[in-house]
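Okay, structure first, notes after.
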Amino acid sequence: MIQNINELATSQKKKNTLEILEAGLEASRPENILPKFVSKNKITIGKESQDIKKFSSIYTVAFGKAADSMTRSINSIISIKSGIVVIPKGSKSTILGKKFQIFNAGHPKPNKKSVKAAKEVIKFLKNRRENELVIFLVSGGASALMALPEKITLDDKIYVTDLLLNSGATIQEINCIRKHLSKIKGGKLVEFLKCKAISLVMSDVEGDDLSSIASGTTYRDNTTYSDALDIVKKYKLKNKIPIEVLKVLKDGENKIIPETPKKEKIKNFLVANNYNCILAMEKKAKELGYKVKKFQVFGNIKDAVRLIVKNIPEKQKSCLIFGGETTVEVLGKGIGGRNQEIVLRILKNTQNEKNLCIASMGTDGIDGNSLFAGAITENIKIESTILKEFLKNSDSARFFQKQNCNIITGYTHSNLMDIGLVLK
């Protein structure tokens, strides 16, 4: 899956690091996940089982970065009559054929295609009959890919999304506001259903919170309009956000408009999370003879880096594996993303260490505003002033381009957050 693996594997350390990353990526592929739960006649998750033989027709509605690959995997097991697939603009669908309607919509900011996709999904659901089944296939990225703003314009929604993405807000905080400005998120979409449905979800959020993944489109919402206003206040966005947006949030807080649904209308099942990748990476590292330590990192990138550096083992032939997703406050106008920045910051903080190889990447294959998935580097000596300058400009991708250290995968058609490691 790493397209430039041969060019990057310039040492044994780098080769081993890339092999461990590759194992994590393979574990994120829906075709390696969904067959564990789905058979021709039923869907079984834990103690729950859904007999699918009794339905006259089965349909899929898939949205998120893994929408096409999840659909392709399900379609190879079950006879699907037709469906809708909503994936990011620039991502070429892995599933072809007339029975699936494909939308390439905006990400990380919604666009007109996001609105069109949402409207078509609603129409599709309204046309279903009582004895039919809809299987929702949900993955991260769907919050932007399907958008139907509530009492505000699309431009307002895009502007607010931009502000939040650059503020350092967590994905849960961003999605809380998205849900309260939407006609479909926070469980509102499934209110258009006229038949039975089930939702299979790949998690891209901390704690696998179903109300936050894809902004809880097929689930329910455990946040309120008051929570949304608290987030606006926390990041000092009140004077930057359009008046119309603030009005919607305040009207909601004052109960002039109804709250988001608080009860789950259909069953939502988690089928994969970041630990699928971490455990596969651990297995590969042990096969290569490394002693492994593993954990997840979330929140502010500087705090995450301090935790990673603190946990780098002292013994040789060790591997520290980390997963999760950090938040970055964009400072400059450079090119990069949180994975390349985390590698750059670890490099800066380990200049006195020896024999390290550092790597981090997004399982979706696209890191921030760059075309790269992440970066890999040995902890070479670099002047601290140079490192600080690239960090100051949020320009991690250009730094690693100069070192020929960017990881290239293109769109992976998956999304289980980020994976990384420090090899000693």
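Chain labels A, B, ... are given in the sequence in which chains occur in the structure tokens; within each chain residues are numbered consecutively from 1, and ligands are likewise numbered from 1 in the order shown.
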Each residue of segment 93-142 of chain A lying at most 10 Å from segment 400-423 of chain A should get a row with its shortest atom-to-atom pair and the distance in Å to one decimal, counting only C-alpha atoms; could you produce that, ordered by chain and increasing number, as a tab-separated table?
residue	atom	partner	partner_atom	distance
A:Ser93	CA	A:His413	CA	8.4
A:Thr94	CA	A:His413	CA	8.1
A:Ser139	CA	A:Asn415	CA	6.7
A:Gly140	CA	A:Asn415	CA	6.0
A:Gly141	CA	A:Asn415	CA	8.1
Take the selection from the previous step and output its residues with N, CA and C atoms, as a short mmCIF file (atom, residue, chain, number, x, y, z; two decimals), in the first residue's frame.
data_model
loop_
_atom_site.label_atom_id
_atom_site.label_comp_id
_atom_site.auth_asym_id
_atom_site.auth_seq_id
_atom_site.Cartn_x
_atom_site.Cartn_y
_atom_site.Cartn_z
N SER A 93 -13.27 5.68 -7.18
CA SER A 93 -14.02 4.58 -6.57
C SER A 93 -13.44 3.21 -6.95
N THR A 94 -13.37 2.33 -5.95
CA THR A 94 -12.87 0.97 -6.18
C THR A 94 -14.00 0.04 -6.63
N SER A 139 -17.91 5.35 7.72
CA SER A 139 -16.50 5.51 8.08
C SER A 139 -16.18 6.99 8.23
N GLY A 140 -15.04 7.27 8.79
CA GLY A 140 -14.63 8.65 9.06
C GLY A 140 -14.54 9.49 7.80
N GLY A 141 -14.78 10.78 7.97
CA GLY A 141 -14.74 11.70 6.84
C GLY A 141 -16.12 12.08 6.35
#
Counting only C-alpha atoms, what is within 9 Å of Leu288 of chain A, bar same-chain residues fewer than 5 positions away, as a list in words?
->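 Contacts, in chain order: Asn16, Ile20 and Lys283 of chain A.
Taking only C-alpha atoms into account, Gly252 of chain A lies nearest to A:Lys179 out of the set A:Lys92, A:Lys113, A:Lys179, A:Lys267.
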Mind checking which residues fall within 12 Å of Met361 of chain A, counting only C-alpha atoms, ignoring those fewer than 3 positions away in the same chain, and posting them as a ChimeraX atom specification?
-> /A:2,17-18,20-22,24-25,277,322-326,336-343,358,364-368,370-376,397,405-410,412,415-421
Keeping only C-alpha atoms, write the selected residues to a file as a PDB file, in the first residue's frame.
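Saved as selection_23.pdb:
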ATOM      1  CA  ILE A   2       3.026   2.297   0.488  1.00  0.00           C
ATOM      2  CA  THR A  17       9.731   0.419  10.049  1.00  0.00           C
ATOM      3  CA  LEU A  18       7.942   0.444   6.691  1.00  0.00           C
ATOM      4  CA  ILE A  20       5.470  -2.615  10.356  1.00  0.00           C
ATOM      5  CA  LEU A  21       3.505   0.359   8.964  1.00  0.00           C
ATOM      6  CA  GLU A  22       2.401  -1.732   5.987  1.00  0.00           C
ATOM      7  CA  GLY A  24      -1.022  -1.696  10.099  1.00  0.00           C
ATOM      8  CA  LEU A  25      -2.374  -0.436   6.773  1.00  0.00           C
ATOM      9  CA  CYS A 277      -3.887  -1.537  13.085  1.00  0.00           C
ATOM     10  CA  PHE A 322       1.488   4.484  18.748  1.00  0.00           C
ATOM     11  CA  GLY A 323      -1.907   5.145  17.225  1.00  0.00           C
ATOM     12  CA  GLY A 324      -4.674   7.696  17.655  1.00  0.00           C
ATOM     13  CA  GLU A 325      -5.076  11.235  16.385  1.00  0.00           C
ATOM     14  CA  THR A 326      -3.574  14.501  17.581  1.00  0.00           C
ATOM     15  CA  GLY A 336       1.777  19.350   5.931  1.00  0.00           C
ATOM     16  CA  GLY A 337      -0.418  17.533   8.417  1.00  0.00           C
ATOM     17  CA  ARG A 338      -0.391  16.166  11.932  1.00  0.00           C
ATOM     18  CA  ASN A 339       1.538  12.994  10.989  1.00  0.00           C
ATOM     19  CA  GLN A 340       4.416  14.775   9.286  1.00  0.00           C
ATOM     20  CA  GLU A 341       4.437  17.329  12.099  1.00  0.00           C
ATOM     21  CA  ILE A 342       4.564  14.637  14.793  1.00  0.00           C
ATOM     22  CA  VAL A 343       7.608  13.054  13.085  1.00  0.00           C
ATOM     23  CA  ILE A 358      10.641   7.589  13.417  1.00  0.00           C
ATOM     24  CA  ASP A 364      -6.556   7.280   4.989  1.00  0.00           C
ATOM     25  CA  GLY A 365      -3.411   8.118   2.995  1.00  0.00           C
ATOM     26  CA  ILE A 366      -3.834  11.916   3.053  1.00  0.00           C
ATOM     27  CA  ASP A 367      -2.125  13.978   5.774  1.00  0.00           C
ATOM     28  CA  GLY A 368      -3.471  17.502   6.257  1.00  0.00           C
ATOM     29  CA  SER A 370      -0.508  17.650   1.602  1.00  0.00           C
ATOM     30  CA  LEU A 371      -0.638  14.804  -0.916  1.00  0.00           C
ATOM     31  CA  PHE A 372       1.431  12.596   1.401  1.00  0.00           C
ATOM     32  CA  ALA A 373       0.300  10.031   3.976  1.00  0.00           C
ATOM     33  CA  GLY A 374       3.032  10.851   6.477  1.00  0.00           C
ATOM     34  CA  ALA A 375       6.802  10.723   6.893  1.00  0.00           C
ATOM     35  CA  ILE A 376       9.683   8.479   7.950  1.00  0.00           C
ATOM     36  CA  ALA A 397       5.699  18.271   4.301  1.00  0.00           C
ATOM     37  CA  CYS A 405      11.186  11.130   3.454  1.00  0.00           C
ATOM     38  CA  ASN A 406       7.481  11.611   2.620  1.00  0.00           C
ATOM     39  CA  ILE A 407       5.335   8.456   2.606  1.00  0.00           C
ATOM     40  CA  ILE A 408       3.100   8.127  -0.480  1.00  0.00           C
ATOM     41  CA  THR A 409       0.044   5.861  -0.604  1.00  0.00           C
ATOM     42  CA  GLY A 410      -2.625   7.955  -2.314  1.00  0.00           C
ATOM     43  CA  THR A 412      -6.221   4.094   0.817  1.00  0.00           C
ATOM     44  CA  ASN A 415      -9.787   5.411   7.716  1.00  0.00           C
ATOM     45  CA  LEU A 416      -8.829   4.125  11.176  1.00  0.00           C
ATOM     46  CA  MET A 417      -7.017   7.245  12.407  1.00  0.00           C
ATOM     47  CA  ASP A 418      -3.205   7.484  12.489  1.00  0.00           C
ATOM     48  CA  ILE A 419      -0.437   4.943  13.097  1.00  0.00           C
ATOM     49  CA  GLY A 420       3.211   5.479  13.928  1.00  0.00           C
ATOM     50  CA  LEU A 421       6.279   4.017  15.570  1.00  0.00           C
TER      51      LEU A 421
END
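Residue nearest Ser69 of chain A within the list A:Lys36, A:Lys381, A:Lys53, A:Arg29: A:Arg29 [criterion: smallest interatomic distance, only C-alpha atoms].
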Neighbours of Glu383 of chain A within 12 Å (only C-alpha atoms; same-chain residues fewer than 5 positions away dropped), as a PyMOL selection string?
-> chain A and resi 347-349+351+388-390
Separation of atom CA of Asp395 of chain A and atom CA of Ala169 of chain A, in Å?
->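 Answer for the atom CA of Asp395 of chain A to atom CA of Ala169 of chain A separation: 19.8 Å.
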Among the residues of segment 51-175 of chain A, find those DSSP assigns to alpha helix (DSSP H) from the backbone and print them as an MDAnalysis selection string.
-> chainID A and resid 67:75 112:126 142:145 154:167 171:175
Shell around Cys176 of chain A at 8 Å using only C-alpha atoms, local window under 5 positions removed, as a ChimeraX atom specification = /A:212,215,223-224,227-228
Tell me which of A:Leu391, A:Ile95, A:Leu133, A:Leu8 sits closest to Lys42 of chain A, counting only C-alpha atoms.
-> A:Leu133
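Between Thr260 of chain A and the candidates A:Thr327, A:Ala147, A:Asn311, A:Leu181, the tightest atom-to-atom separation, counting only C-alpha atoms, involves A:Leu181.
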